[in-house]
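Participant: Sharing a structure here in C-alpha cells format.
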Amino acid sequence: MWIFPPSLRRLGFLGMNRRNVAYISRYNSRGRYPLVDDKLKTKLQAEKFHMATPRLRGVIRYQYEIETFAGMVKNLSGFAVKPSKGSGGKGILVIKERSGELFVKSSGRSIDIHVVKRHLSNILAGLYSLAGTPDVAIIEDLIQPSEMFEKLSYEGVPDIRVIIFRGYPVMAMLRLSTRASDGKANLHKGAVGVGLDIATGRCLHAVQYSKRIIRHPDTGIDLNTIAIPDWKNLLELAARSYEITRLGYIGADLVVDKNAGPMLLELNARPGLSIQVANGAGLLPRLKKIEALDPDFSPRAKQRVEFAMKEF
C-alpha cells in the first residue's frame with residue numbers, strides 16, 4: 001500500500017528535511033559531533049562516565065600495525081572489527097568463532113586471516129568512513145546475547161535503538177538480524193524492526209523492508225509476544241547518553257550481554273527515520289511535547305525516563 005505525504009503529516013511523521021533543519025541542526029552542536037561520529041571516542045567517553053560498553057581489545061591506526069592483529073585476537077574465539085568512523089553498519093566484521101585457522105562470520109561463512117587483513121586495510125584507507133577519510137579500526141569483544149535475545153534473531157546480536165531528544169527517550173525499536181541482512185541489525189539490509197512501547201518495552205508493530213510482518217522470517221518467532229525485560233534500566237542507560245554528549249537529538253544503540261547486562265553499543269547524531277515505520281507512529285507529536293517543556297529545567301535521567309514512560 002502507498003501512503004501520500006499529507007497523510008504522513010497528519011499522522012505526525014517526521015521527514016528528513018524537517019529532521020535535519022528543526023532538530024539535528026538546531027539541537028546538535030557541530031563541535032560535539034566527533035563524540036558520536038567516532039566510535040572510539042564514544043567508547044572512551046562512555047567509560048569516563050562509567051557506562052558499560054563492549055571491552056576494547058585493540059586499535060589499529062596504521063597499515064604496518066595490521067601485522068599485530070593476530071596477536072590481538074590470539075585468545076579470542078569471537079570478536080568484532082569496526083571502522084571507528086563508519087555508519088549504517090558498513091565495514092563491521094563480526095567473527096563468532098574459529099574453525100582451525102579460519103574465522104567464522106556471524107552468517108556462517110568462513111574466511112582466512114588474509115581476508116581479515118585486507119578488510120582492516122580497507123578500513124584504514126577510509127572505505128567505510130563517513131567522509132571517505134582515513135580511519136582507524138577497533139577490535140572489541142563479541143556480545144554474547146542473553147538467552148531470550150538469542151532466540152529472537154538470526155545469527156547476529158539484536159540491538160535496541162532509542163531516539164533521545166533533550167535527554168528524553170521518545171521512541172524505541174528492537175532490530176533483529178535476518179538471513180537477508182547477513183546477520184547484521186540494519187533495517188535497510190533486510191533486518192526486522194520491532195517498534196517498542198516506551199511505557200512497557202512490549203512489541204507494538206514489526207516490519208521488514210517497510211512491510212508489516214507478524215513472525216520473524218527465519219526463526220518463526222511470533223514478534224507480537226516480545227517484551228523486553230529490565231526495560232526501565234535500558235531506557236535510563238539510553239537517556240544518560242545525553243549527559244556524555246550534550247547533543248539534543250541522537251540515537252542510542254543498546255545491547256544486552258548474557259554476562260555484563262545492558263551495554264551502550266554506539267551513538268548516532270543523525271539517526272534514521274525508519275523507527276517511525278517500525279512503530280507505526282510519527283515522532284513529531286512526541287518531539288513537540290518535549291519542546292514544550294521548560295528548557296531551563298534539567299531533571300536527572302531517571303526522572304526523564306519516568307516522564308517518557310508516562311507520556312508515550
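Labels used: A, B, ... for chains in the order of the C-alpha cells, numbers from 1 for residues in each chain, and numbers from 1 for ligands as shown.
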For region 1-17 of chain A, list every protein, DNA or RNA residue within 8 Å, evaluated using only C-alpha atoms, and leave out those in the same chain fewer than 2 positions away; present the list as a list of chain:residue names.
Facilitator: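 Once the nearby chain positions are removed, what remains is A:Arg19, A:Asn20, A:Val21, A:Leu273, A:Gln276, A:Ala281, A:Gly282, A:Leu283, A:Leu284, A:Pro285.
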Participant: Restricting the output to N, CA, C and O atoms, write the selected residues as a PDB file, in the first residue's frame.
Facilitator:
```pdb
ATOM      1  N   ARG A  19      13.688  16.965   9.959  1.00  0.00           N
ATOM      2  CA  ARG A  19      14.603  16.405  10.963  1.00  0.00           C
ATOM      3  C   ARG A  19      15.943  17.130  10.929  1.00  0.00           C
ATOM      4  O   ARG A  19      16.474  17.527  11.978  1.00  0.00           O
ATOM      5  N   ASN A  20      16.482  17.319   9.730  1.00  0.00           N
ATOM      6  CA  ASN A  20      17.799  17.943   9.592  1.00  0.00           C
ATOM      7  C   ASN A  20      17.812  19.388  10.063  1.00  0.00           C
ATOM      8  O   ASN A  20      18.749  19.826  10.739  1.00  0.00           O
ATOM      9  N   VAL A  21      16.772  20.151   9.693  1.00  0.00           N
ATOM     10  CA  VAL A  21      16.750  21.589   9.991  1.00  0.00           C
ATOM     11  C   VAL A  21      16.239  21.882  11.393  1.00  0.00           C
ATOM     12  O   VAL A  21      16.864  22.628  12.160  1.00  0.00           O
ATOM     13  N   LEU A 273      15.027   7.557  10.126  1.00  0.00           N
ATOM     14  CA  LEU A 273      13.612   7.781  10.413  1.00  0.00           C
ATOM     15  C   LEU A 273      12.763   6.522  10.287  1.00  0.00           C
ATOM     16  O   LEU A 273      11.555   6.569  10.506  1.00  0.00           O
ATOM     17  N   GLN A 276      10.054   5.155  12.817  1.00  0.00           N
ATOM     18  CA  GLN A 276       8.642   5.519  12.776  1.00  0.00           C
ATOM     19  C   GLN A 276       7.821   4.435  12.075  1.00  0.00           C
ATOM     20  O   GLN A 276       6.709   4.120  12.489  1.00  0.00           O
ATOM     21  N   ALA A 281       4.020   4.833  13.957  1.00  0.00           N
ATOM     22  CA  ALA A 281       3.658   6.116  14.585  1.00  0.00           C
ATOM     23  C   ALA A 281       4.703   7.159  14.240  1.00  0.00           C
ATOM     24  O   ALA A 281       5.852   6.827  13.943  1.00  0.00           O
ATOM     25  N   GLY A 282       4.307   8.431  14.276  1.00  0.00           N
ATOM     26  CA  GLY A 282       5.210   9.520  13.952  1.00  0.00           C
ATOM     27  C   GLY A 282       5.911  10.090  15.176  1.00  0.00           C
ATOM     28  O   GLY A 282       5.399  10.029  16.300  1.00  0.00           O
ATOM     29  N   LEU A 283       7.079  10.652  14.937  1.00  0.00           N
ATOM     30  CA  LEU A 283       7.875  11.256  16.013  1.00  0.00           C
ATOM     31  C   LEU A 283       7.413  12.655  16.409  1.00  0.00           C
ATOM     32  O   LEU A 283       7.590  13.073  17.559  1.00  0.00           O
ATOM     33  N   LEU A 284       6.850  13.408  15.474  1.00  0.00           N
ATOM     34  CA  LEU A 284       6.595  14.828  15.705  1.00  0.00           C
ATOM     35  C   LEU A 284       5.783  15.130  16.964  1.00  0.00           C
ATOM     36  O   LEU A 284       6.171  16.025  17.738  1.00  0.00           O
ATOM     37  N   PRO A 285       4.663  14.465  17.222  1.00  0.00           N
ATOM     38  CA  PRO A 285       3.905  14.789  18.446  1.00  0.00           C
ATOM     39  C   PRO A 285       4.730  14.632  19.713  1.00  0.00           C
ATOM     40  O   PRO A 285       4.605  15.425  20.653  1.00  0.00           O
TER      41      PRO A 285
END
```
Participant: Counting only C-alpha atoms, which residues of region 101-163 of chain A sit at most 8 Å from some atom of region 217-221 of chain A, and what is each one's closest atom pair with its distance in Å to one decimal, listed by chain and rising residue number, as JSON lines?
Facilitator:
```
{"residue": "A:Lys151", "atom": "CA", "partner": "A:Thr219", "partner_atom": "CA", "distance": 7.8}
{"residue": "A:Leu152", "atom": "CA", "partner": "A:Ile221", "partner_atom": "CA", "distance": 6.5}
{"residue": "A:Ser153", "atom": "CA", "partner": "A:Thr219", "partner_atom": "CA", "distance": 7.0}
{"residue": "A:Tyr154", "atom": "CA", "partner": "A:Asp218", "partner_atom": "CA", "distance": 6.5}
```
Participant: Generate a file of the selected residues that holds C-alpha atoms, formatted as a PDB file, in the first residue's frame.
Facilitator:
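again_6.pdb was written with the following content:
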```pdb
ATOM      1  CA  LYS A 151      16.199 -16.836  20.301  1.00  0.00           C
ATOM      2  CA  LEU A 152      14.771 -13.722  18.675  1.00  0.00           C
ATOM      3  CA  SER A 153      17.349 -13.120  15.972  1.00  0.00           C
ATOM      4  CA  TYR A 154      19.026 -14.990  13.125  1.00  0.00           C
TER       5      TYR A 154
END
```
Participant: For a quick check of understanding, using only C-alpha atoms, which of A:Arg212, A:Lys105, A:Arg270, A:Arg61 has the smallest distance to Phe79 (chain A)?
Facilitator: A:Lys105
Participant: Between A:Gly190, A:Gly126, A:Gly183, A:Gly58, which residue has the minimum interatomic distance to Glu140 (chain A), considering only C-alpha atoms?
Facilitator: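 So, comparing all the options, the nearest one is A:Gly58.
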Participant: Pick the closest to Ser107 (chain A) from A:Lys232, A:Arg179, A:Arg240, A:Arg246: which is it, counting only C-alpha atoms?
Facilitator: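 That would be A:Arg179, the residue with the smallest distance to Ser107 (chain A).
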Participant: Find, counting only C-alpha atoms, the residue in A:Lys184, A:His114, A:Arg175, A:Arg300 that gets nearest to Gln208 (chain A).
Facilitator: A:Arg175
Participant: Neighbours of Ser29 (chain A) within 12 Å (only C-alpha atoms; same-chain residues fewer than 6 positions away dropped), as a list in words?
Facilitator: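 Counting only the stated atoms, we get Tyr23, Leu35, Val36, Thr245, Arg246, Leu247, Gly248, Tyr249, Ile250 and Ala269 of chain A.
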Participant: Convert the current residue selection to file output with N, CA and C atoms, as a CSV table (one decimal), in the first residue's frame.
Facilitator:
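Wrote part09.csv, looks like this:
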```
chain,number,residue,atom,x,y,z
A,23,TYR,N,15.7,19.8,14.0
A,23,TYR,CA,16.1,19.1,15.2
A,23,TYR,C,17.6,18.8,15.2
A,35,LEU,N,32.2,13.1,19.1
A,35,LEU,CA,32.0,12.2,20.2
A,35,LEU,C,31.1,11.1,19.8
A,36,VAL,N,30.3,11.3,18.7
A,36,VAL,CA,29.4,10.2,18.3
A,36,VAL,C,29.8,9.7,16.9
A,245,THR,N,27.2,13.4,25.9
A,245,THR,CA,27.4,14.1,24.6
A,245,THR,C,27.0,15.5,24.5
A,246,ARG,N,25.9,15.8,25.3
A,246,ARG,CA,25.2,17.1,25.3
A,246,ARG,C,24.7,17.4,23.9
A,247,LEU,N,24.3,16.4,23.2
A,247,LEU,CA,23.7,16.5,21.9
A,247,LEU,C,22.2,16.3,22.1
A,248,GLY,N,21.4,17.2,21.6
A,248,GLY,CA,19.9,17.2,21.9
A,248,GLY,C,19.1,16.2,21.1
A,249,TYR,N,19.6,15.7,20.0
A,249,TYR,CA,18.8,14.8,19.2
A,249,TYR,C,19.8,13.7,18.7
A,250,ILE,N,19.7,12.5,19.3
A,250,ILE,CA,20.6,11.4,19.0
A,250,ILE,C,19.9,10.1,19.0
A,269,ALA,N,24.4,10.8,15.7
A,269,ALA,CA,23.9,12.1,15.7
A,269,ALA,C,22.9,12.4,14.6
```
Participant: Which value, in Å to one decimal, gives the distance between CA of Met72 (chain A) and CA of Lys117 (chain A)?
Facilitator: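 Distance reported for this atom pair: 12.7 Å.
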Participant: Let me make sure I understand: among A:Val157, A:Met148, A:Val194, A:Phe165, which one has the smallest atom-to-atom distance to Glu243 (chain A) if we use only C-alpha atoms?
Facilitator: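 The answer is A:Phe165, which sits nearest to Glu243 (chain A).
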Participant: Using Å and a single decimal, report how far CA of Val256 (chain A) sits from CA of Gln303 (chain A).
Facilitator: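 Computing the Euclidean distance for CA of Gln303 (chain A) and CA of Val256 (chain A) yields 22.5 Å.
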Participant: Which polymer residues have any atom within 10 Å of an atom of Ala252 (chain A), counting only C-alpha atoms, with same-chain residues fewer than 2 positions away left out, as a PyMOL selection string?
Facilitator: chain A and resi 36+159-164+169+172+235+237-242+249-250+254+264-269+271
Participant: Find the distance between CA of Met51 (chain A) and CA of Lys82 (chain A) and write it in Å to one decimal.
Facilitator: 19.7 Å
Participant: Tell me, as a short mmCIF file (atom, residue, chain, number, x, y, z; two decimals) with all heavy atoms, in the first residue's frame, which residues lie within 12 Å of Val94 (chain A), counting only C-alpha atoms; anything in the same chain fewer than 5 positions away does not count.
Facilitator:
```
data_model
loop_
_atom_site.label_atom_id
_atom_site.label_comp_id
_atom_site.auth_asym_id
_atom_site.auth_seq_id
_atom_site.Cartn_x
_atom_site.Cartn_y
_atom_site.Cartn_z
N SER A 77 37.89 -16.32 20.78
CA SER A 77 37.18 -17.17 19.84
C SER A 77 36.24 -16.33 18.97
O SER A 77 35.97 -16.67 17.82
CB SER A 77 36.39 -18.25 20.57
OG SER A 77 35.46 -17.66 21.47
N GLY A 78 35.75 -15.23 19.52
CA GLY A 78 34.87 -14.34 18.78
C GLY A 78 35.21 -12.89 19.07
O GLY A 78 35.69 -12.57 20.16
N PHE A 79 34.97 -12.03 18.10
CA PHE A 79 35.27 -10.60 18.26
C PHE A 79 34.60 -9.82 17.14
O PHE A 79 34.06 -10.41 16.18
CB PHE A 79 36.79 -10.35 18.25
CG PHE A 79 37.48 -10.90 17.03
CD1 PHE A 79 37.60 -10.14 15.87
CD2 PHE A 79 38.02 -12.19 17.04
CE1 PHE A 79 38.23 -10.65 14.75
CE2 PHE A 79 38.66 -12.70 15.92
CZ PHE A 79 38.76 -11.94 14.77
N ALA A 80 34.64 -8.51 17.25
CA ALA A 80 34.08 -7.65 16.21
C ALA A 80 35.14 -6.64 15.78
O ALA A 80 35.86 -6.08 16.62
CB ALA A 80 32.84 -6.91 16.72
N VAL A 81 35.24 -6.42 14.47
CA VAL A 81 36.14 -5.42 13.90
C VAL A 81 35.27 -4.31 13.33
O VAL A 81 34.37 -4.58 12.54
CB VAL A 81 37.03 -6.02 12.79
CG1 VAL A 81 37.90 -4.93 12.17
CG2 VAL A 81 37.88 -7.15 13.33
N LYS A 82 35.55 -3.07 13.71
CA LYS A 82 34.70 -1.96 13.27
C LYS A 82 35.54 -0.77 12.81
O LYS A 82 36.58 -0.47 13.40
CB LYS A 82 33.80 -1.49 14.42
CG LYS A 82 32.85 -2.53 14.96
CD LYS A 82 32.02 -1.96 16.10
CE LYS A 82 31.04 -2.99 16.64
NZ LYS A 82 30.22 -2.42 17.74
N GLY A 89 26.28 0.49 9.69
CA GLY A 89 26.74 -0.89 9.74
C GLY A 89 27.80 -1.23 8.73
O GLY A 89 28.27 -2.38 8.66
N PHE A 103 38.29 -18.05 10.29
CA PHE A 103 37.39 -17.26 11.12
C PHE A 103 35.98 -17.43 10.57
O PHE A 103 35.75 -17.28 9.37
CB PHE A 103 37.77 -15.78 11.09
CG PHE A 103 39.16 -15.50 11.60
CD1 PHE A 103 40.24 -15.43 10.74
CD2 PHE A 103 39.37 -15.31 12.96
CE1 PHE A 103 41.52 -15.18 11.21
CE2 PHE A 103 40.65 -15.04 13.45
CZ PHE A 103 41.73 -14.98 12.57
N VAL A 104 35.03 -17.72 11.45
CA VAL A 104 33.65 -17.95 11.03
C VAL A 104 32.82 -16.70 11.32
O VAL A 104 32.70 -16.27 12.47
CB VAL A 104 33.04 -19.17 11.75
CG1 VAL A 104 31.61 -19.42 11.24
CG2 VAL A 104 33.90 -20.40 11.54
N LYS A 105 32.25 -16.12 10.27
CA LYS A 105 31.42 -14.93 10.41
C LYS A 105 30.06 -15.28 11.02
O LYS A 105 29.68 -16.45 11.08
CB LYS A 105 31.22 -14.26 9.04
CG LYS A 105 32.50 -13.76 8.40
CD LYS A 105 32.28 -13.31 6.97
CE LYS A 105 31.26 -12.19 6.86
NZ LYS A 105 31.10 -11.71 5.48
N SER A 106 29.32 -14.24 11.42
CA SER A 106 28.00 -14.46 12.01
C SER A 106 27.05 -15.12 11.01
O SER A 106 26.10 -15.80 11.39
CB SER A 106 27.41 -13.14 12.50
OG SER A 106 27.33 -12.20 11.46
N SER A 107 27.31 -14.92 9.71
CA SER A 107 26.48 -15.53 8.68
C SER A 107 26.77 -17.01 8.49
O SER A 107 26.05 -17.71 7.79
CB SER A 107 26.70 -14.80 7.35
OG SER A 107 28.05 -14.95 6.92
N GLY A 108 27.89 -17.50 9.10
CA GLY A 108 28.28 -18.89 8.95
C GLY A 108 29.39 -19.10 7.93
O GLY A 108 29.96 -20.19 7.85
N ARG A 109 29.69 -18.08 7.15
CA ARG A 109 30.75 -18.19 6.14
C ARG A 109 32.13 -18.11 6.79
O ARG A 109 32.35 -17.32 7.70
CB ARG A 109 30.59 -17.06 5.13
CG ARG A 109 31.63 -17.06 4.03
CD ARG A 109 31.55 -15.82 3.19
NE ARG A 109 32.70 -15.69 2.30
CZ ARG A 109 33.07 -14.57 1.72
NH1 ARG A 109 32.40 -13.45 1.95
NH2 ARG A 109 34.12 -14.53 0.93
N SER A 110 33.06 -18.93 6.30
CA SER A 110 34.42 -18.95 6.85
C SER A 110 35.37 -18.13 5.96
O SER A 110 35.27 -18.17 4.73
CB SER A 110 34.94 -20.38 6.95
OG SER A 110 34.18 -21.13 7.87
N ILE A 111 36.28 -17.39 6.60
CA ILE A 111 37.28 -16.61 5.87
C ILE A 111 38.64 -16.81 6.55
O ILE A 111 38.71 -17.20 7.72
CB ILE A 111 36.93 -15.10 5.86
CG1 ILE A 111 36.78 -14.56 7.30
CG2 ILE A 111 35.66 -14.83 5.07
CD1 ILE A 111 36.52 -13.06 7.37
N VAL A 116 40.71 -10.99 6.45
CA VAL A 116 40.55 -10.06 7.57
C VAL A 116 41.54 -8.90 7.45
O VAL A 116 41.18 -7.73 7.65
CB VAL A 116 40.73 -10.78 8.92
CG1 VAL A 116 40.55 -9.78 10.07
CG2 VAL A 116 39.72 -11.91 9.06
N HIS A 119 40.47 -6.51 4.89
CA HIS A 119 39.36 -5.71 5.42
C HIS A 119 39.89 -4.59 6.32
O HIS A 119 39.43 -3.44 6.24
CB HIS A 119 38.40 -6.60 6.20
CG HIS A 119 37.17 -5.90 6.69
ND1 HIS A 119 36.13 -5.56 5.86
CD2 HIS A 119 36.84 -5.44 7.93
CE1 HIS A 119 35.20 -4.94 6.55
NE2 HIS A 119 35.60 -4.86 7.82
N ILE A 138 38.87 -0.66 15.18
CA ILE A 138 38.83 -1.06 16.58
C ILE A 138 38.38 -2.52 16.66
O ILE A 138 37.54 -2.96 15.88
CB ILE A 138 37.90 -0.16 17.42
CG1 ILE A 138 36.47 -0.18 16.89
CG2 ILE A 138 38.43 1.27 17.45
CD1 ILE A 138 35.51 0.66 17.72
N ILE A 139 38.99 -3.23 17.58
CA ILE A 139 38.64 -4.64 17.80
C ILE A 139 38.10 -4.73 19.21
O ILE A 139 38.74 -4.28 20.18
CB ILE A 139 39.87 -5.57 17.64
CG1 ILE A 139 40.39 -5.53 16.20
CG2 ILE A 139 39.50 -7.00 18.01
CD1 ILE A 139 41.52 -4.57 15.99
N GLU A 140 36.89 -5.26 19.34
CA GLU A 140 36.27 -5.35 20.65
C GLU A 140 35.62 -6.71 20.87
O GLU A 140 35.43 -7.49 19.92
CB GLU A 140 35.25 -4.23 20.85
CG GLU A 140 34.09 -4.26 19.89
CD GLU A 140 33.15 -3.07 20.06
OE1 GLU A 140 33.61 -2.02 20.56
OE2 GLU A 140 31.98 -3.19 19.66
N ASP A 141 35.31 -6.99 22.13
CA ASP A 141 34.69 -8.27 22.47
C ASP A 141 33.36 -8.45 21.74
O ASP A 141 32.63 -7.49 21.49
CB ASP A 141 34.42 -8.34 23.98
CG ASP A 141 35.64 -8.80 24.75
OD1 ASP A 141 36.66 -9.12 24.11
OD2 ASP A 141 35.58 -8.83 26.00
N LEU A 142 33.07 -9.69 21.43
CA LEU A 142 31.81 -10.03 20.80
C LEU A 142 30.73 -10.09 21.87
O LEU A 142 30.93 -10.66 22.94
CB LEU A 142 31.93 -11.39 20.11
CG LEU A 142 30.76 -11.85 19.26
CD1 LEU A 142 30.57 -10.93 18.07
CD2 LEU A 142 30.98 -13.28 18.79
N ILE A 143 29.60 -9.48 21.60
CA ILE A 143 28.48 -9.52 22.52
C ILE A 143 27.92 -10.94 22.57
O ILE A 143 27.70 -11.57 21.53
CB ILE A 143 27.37 -8.54 22.09
CG1 ILE A 143 27.89 -7.10 22.08
CG2 ILE A 143 26.16 -8.66 23.01
CD1 ILE A 143 28.32 -6.59 23.42
N GLU A 155 21.30 -15.48 13.83
CA GLU A 155 22.75 -15.35 13.91
C GLU A 155 23.23 -14.11 14.67
O GLU A 155 23.82 -14.21 15.71
CB GLU A 155 23.38 -15.36 12.50
CG GLU A 155 23.21 -16.68 11.76
CD GLU A 155 23.93 -17.83 12.41
OE1 GLU A 155 24.76 -17.60 13.28
OE2 GLU A 155 23.66 -18.98 12.03
N GLY A 156 22.97 -12.91 14.17
CA GLY A 156 23.51 -11.69 14.77
C GLY A 156 22.92 -11.35 16.12
O GLY A 156 22.00 -12.00 16.62
N VAL A 157 23.46 -10.29 16.72
CA VAL A 157 23.03 -9.86 18.05
C VAL A 157 21.94 -8.79 17.91
O VAL A 157 22.16 -7.76 17.27
CB VAL A 157 24.23 -9.28 18.84
CG1 VAL A 157 23.77 -8.78 20.21
CG2 VAL A 157 25.32 -10.33 18.99
N ASP A 182 22.51 -10.64 6.44
CA ASP A 182 23.84 -11.20 6.69
C ASP A 182 24.20 -11.13 8.17
O ASP A 182 25.34 -10.86 8.53
CB ASP A 182 24.89 -10.48 5.84
CG ASP A 182 26.22 -11.21 5.82
OD1 ASP A 182 26.23 -12.44 5.99
OD2 ASP A 182 27.27 -10.54 5.66
N GLY A 183 23.20 -11.34 9.03
CA GLY A 183 23.46 -11.36 10.46
C GLY A 183 23.65 -10.00 11.09
O GLY A 183 24.06 -9.89 12.24
N LYS A 184 23.37 -8.91 10.34
CA LYS A 184 23.52 -7.54 10.86
C LYS A 184 22.15 -6.93 11.11
O LYS A 184 21.18 -7.22 10.41
CB LYS A 184 24.32 -6.69 9.89
CG LYS A 184 25.75 -7.17 9.70
CD LYS A 184 26.52 -6.31 8.72
CE LYS A 184 27.95 -6.83 8.55
NZ LYS A 184 28.72 -6.06 7.55
N ALA A 185 22.09 -6.04 12.10
CA ALA A 185 20.81 -5.47 12.52
C ALA A 185 20.53 -4.13 11.83
O ALA A 185 20.18 -3.15 12.49
CB ALA A 185 20.78 -5.30 14.04
#
```
Participant: Report the residues of region 224-263 of chain A whose backbone DSSP state falls under alpha helix (DSSP H), written as a list in words.
Facilitator: Trp231, Lys232, Asn233, Leu234, Leu235, Glu236, Leu237, Ala238, Ala239, Ser241, Tyr242, Glu243, Ile244 and Thr245 of chain A
Participant: Which residues, written as a PDB file with C-alpha atoms, in the first residue's frame, have at least one atom at most 12 Å from Tyr128 (chain A), with only C-alpha atoms counted and residues fewer than 3 positions away on the same chain left out?
Facilitator:
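The resulting part04.pdb:
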```
ATOM      1  CA  LYS A  82      34.702  -1.961  13.272  1.00  0.00           C
ATOM      2  CA  PRO A  83      35.700   1.222  11.452  1.00  0.00           C
ATOM      3  CA  SER A  84      35.765   3.949  14.070  1.00  0.00           C
ATOM      4  CA  LYS A  85      34.036   6.458  11.775  1.00  0.00           C
ATOM      5  CA  GLY A  86      31.738   4.095   9.897  1.00  0.00           C
ATOM      6  CA  SER A  87      27.954   4.429   9.663  1.00  0.00           C
ATOM      7  CA  GLY A  88      24.955   2.319   8.777  1.00  0.00           C
ATOM      8  CA  GLY A  89      26.739  -0.890   9.741  1.00  0.00           C
ATOM      9  CA  LYS A  90      29.226  -0.523   6.885  1.00  0.00           C
ATOM     10  CA  GLY A  91      32.589  -2.160   7.431  1.00  0.00           C
ATOM     11  CA  ILE A  92      31.632  -4.101  10.557  1.00  0.00           C
ATOM     12  CA  LEU A  93      33.066  -7.619  10.548  1.00  0.00           C
ATOM     13  CA  HIS A 119      39.359  -5.706   5.419  1.00  0.00           C
ATOM     14  CA  LEU A 120      41.475  -3.889   8.016  1.00  0.00           C
ATOM     15  CA  SER A 121      43.467  -2.222   5.244  1.00  0.00           C
ATOM     16  CA  ASN A 122      40.228  -1.030   3.614  1.00  0.00           C
ATOM     17  CA  ILE A 123      39.067   0.415   6.934  1.00  0.00           C
ATOM     18  CA  LEU A 124      42.296   2.383   7.388  1.00  0.00           C
ATOM     19  CA  ALA A 125      42.021   3.677   3.813  1.00  0.00           C
ATOM     20  CA  ALA A 131      33.580  11.259   4.547  1.00  0.00           C
ATOM     21  CA  GLY A 132      35.884   8.721   2.910  1.00  0.00           C
ATOM     22  CA  THR A 133      38.786   9.992   5.006  1.00  0.00           C
ATOM     23  CA  PRO A 134      41.446   7.763   6.618  1.00  0.00           C
ATOM     24  CA  ASP A 135      40.082   5.853   9.593  1.00  0.00           C
ATOM     25  CA  VAL A 136      41.175   3.552  12.399  1.00  0.00           C
ATOM     26  CA  ALA A 137      39.983   0.005  13.147  1.00  0.00           C
TER      27      ALA A 137
END
```
Participant: Which residue, A:Ala180, A:Leu234, A:Asn224, A:Ile244, has the smallest gap to Tyr33 (chain A) when you use only C-alpha atoms?
Facilitator: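 Residue with the minimum atom-to-atom distance to Tyr33 (chain A): A:Ile244.
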Participant: Within 7 Å of region 195-207 of chain A, counting only C-alpha atoms, which residues show up once you throw out same-chain ones fewer than 3 positions away? Write them as a list in words, please.
Facilitator: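 In the requested form, the answer reads Met171, Ala172, Met173, Leu174, Val192, Ser210, Lys211, Arg212, Ile213, Ile214, Leu223, Asn224, Thr225, Ile226, Ala227, Ile228, Trp231, Ala278, Asn279, Gly280, Met309, Lys310 and Phe312 of chain A.
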Participant: Could you write those residues out with N, CA, C and O atoms, as a short mmCIF file (atom, residue, chain, number, x, y, z; two decimals), in the first residue's frame?
Facilitator:
```cif
data_model
loop_
_atom_site.label_atom_id
_atom_site.label_comp_id
_atom_site.auth_asym_id
_atom_site.auth_seq_id
_atom_site.Cartn_x
_atom_site.Cartn_y
_atom_site.Cartn_z
N MET A 171 11.21 7.40 21.36
CA MET A 171 10.76 6.27 20.54
C MET A 171 11.84 5.20 20.54
O MET A 171 13.03 5.51 20.62
N ALA A 172 11.43 3.94 20.45
CA ALA A 172 12.39 2.84 20.51
C ALA A 172 11.98 1.71 19.59
O ALA A 172 10.80 1.52 19.29
N MET A 173 12.98 0.97 19.13
CA MET A 173 12.70 -0.25 18.36
C MET A 173 13.79 -1.28 18.61
O MET A 173 14.94 -0.95 18.92
N LEU A 174 13.40 -2.52 18.49
CA LEU A 174 14.33 -3.66 18.54
C LEU A 174 14.67 -4.03 17.11
O LEU A 174 13.78 -4.11 16.26
N VAL A 192 14.80 -7.01 10.68
CA VAL A 192 13.43 -6.76 11.14
C VAL A 192 13.45 -5.65 12.19
O VAL A 192 14.27 -5.66 13.10
N SER A 210 10.03 -2.37 5.27
CA SER A 210 8.92 -1.42 5.43
C SER A 210 7.54 -2.07 5.33
O SER A 210 6.53 -1.36 5.32
N LYS A 211 7.45 -3.41 5.27
CA LYS A 211 6.17 -4.09 5.21
C LYS A 211 5.90 -4.80 6.52
O LYS A 211 6.80 -5.42 7.10
N ARG A 212 4.68 -4.68 7.01
CA ARG A 212 4.36 -5.25 8.30
C ARG A 212 4.45 -6.77 8.28
O ARG A 212 4.00 -7.42 7.32
N ILE A 213 5.03 -7.34 9.33
CA ILE A 213 5.12 -8.79 9.48
C ILE A 213 4.72 -9.17 10.90
O ILE A 213 4.74 -8.34 11.82
N ILE A 214 4.37 -10.42 11.08
CA ILE A 214 3.96 -10.94 12.40
C ILE A 214 5.03 -11.87 12.98
O ILE A 214 5.24 -11.90 14.18
N LEU A 223 6.49 -12.21 16.73
CA LEU A 223 7.05 -10.94 17.17
C LEU A 223 6.13 -10.20 18.14
O LEU A 223 6.58 -9.38 18.94
N ASN A 224 4.83 -10.50 18.08
CA ASN A 224 3.88 -9.82 18.97
C ASN A 224 4.05 -10.22 20.43
O ASN A 224 3.50 -9.56 21.32
N THR A 225 4.78 -11.30 20.69
CA THR A 225 4.96 -11.75 22.08
C THR A 225 6.19 -11.12 22.74
O THR A 225 6.42 -11.34 23.92
N ILE A 226 6.94 -10.33 21.98
CA ILE A 226 8.19 -9.76 22.52
C ILE A 226 7.91 -8.74 23.61
O ILE A 226 7.10 -7.82 23.44
N ALA A 227 8.59 -8.89 24.73
CA ALA A 227 8.55 -7.92 25.82
C ALA A 227 9.96 -7.84 26.40
O ALA A 227 10.49 -8.85 26.88
N ILE A 228 10.59 -6.68 26.35
CA ILE A 228 11.98 -6.53 26.77
C ILE A 228 12.08 -6.48 28.30
O ILE A 228 11.45 -5.63 28.94
N TRP A 231 13.30 -3.16 31.29
CA TRP A 231 13.09 -2.09 30.31
C TRP A 231 13.47 -0.71 30.84
O TRP A 231 14.11 0.08 30.16
N ALA A 278 8.69 1.26 11.92
CA ALA A 278 8.67 0.11 12.82
C ALA A 278 7.63 0.27 13.92
O ALA A 278 7.03 -0.72 14.37
N ASN A 279 7.41 1.51 14.35
CA ASN A 279 6.43 1.77 15.42
C ASN A 279 5.02 2.01 14.89
O ASN A 279 4.06 1.98 15.66
N GLY A 280 4.91 2.28 13.58
CA GLY A 280 3.60 2.63 13.04
C GLY A 280 3.09 3.93 13.63
O GLY A 280 1.88 4.14 13.79
N MET A 309 7.89 7.41 29.97
CA MET A 309 7.08 6.22 30.13
C MET A 309 5.62 6.57 30.40
O MET A 309 4.71 5.86 29.98
N LYS A 310 5.40 7.67 31.08
CA LYS A 310 4.04 8.10 31.38
C LYS A 310 3.37 8.74 30.16
O LYS A 310 2.21 8.47 29.85
N PHE A 312 4.38 8.64 26.79
CA PHE A 312 4.45 7.97 25.49
C PHE A 312 4.10 6.48 25.58
O PHE A 312 4.47 5.73 24.71
#
```
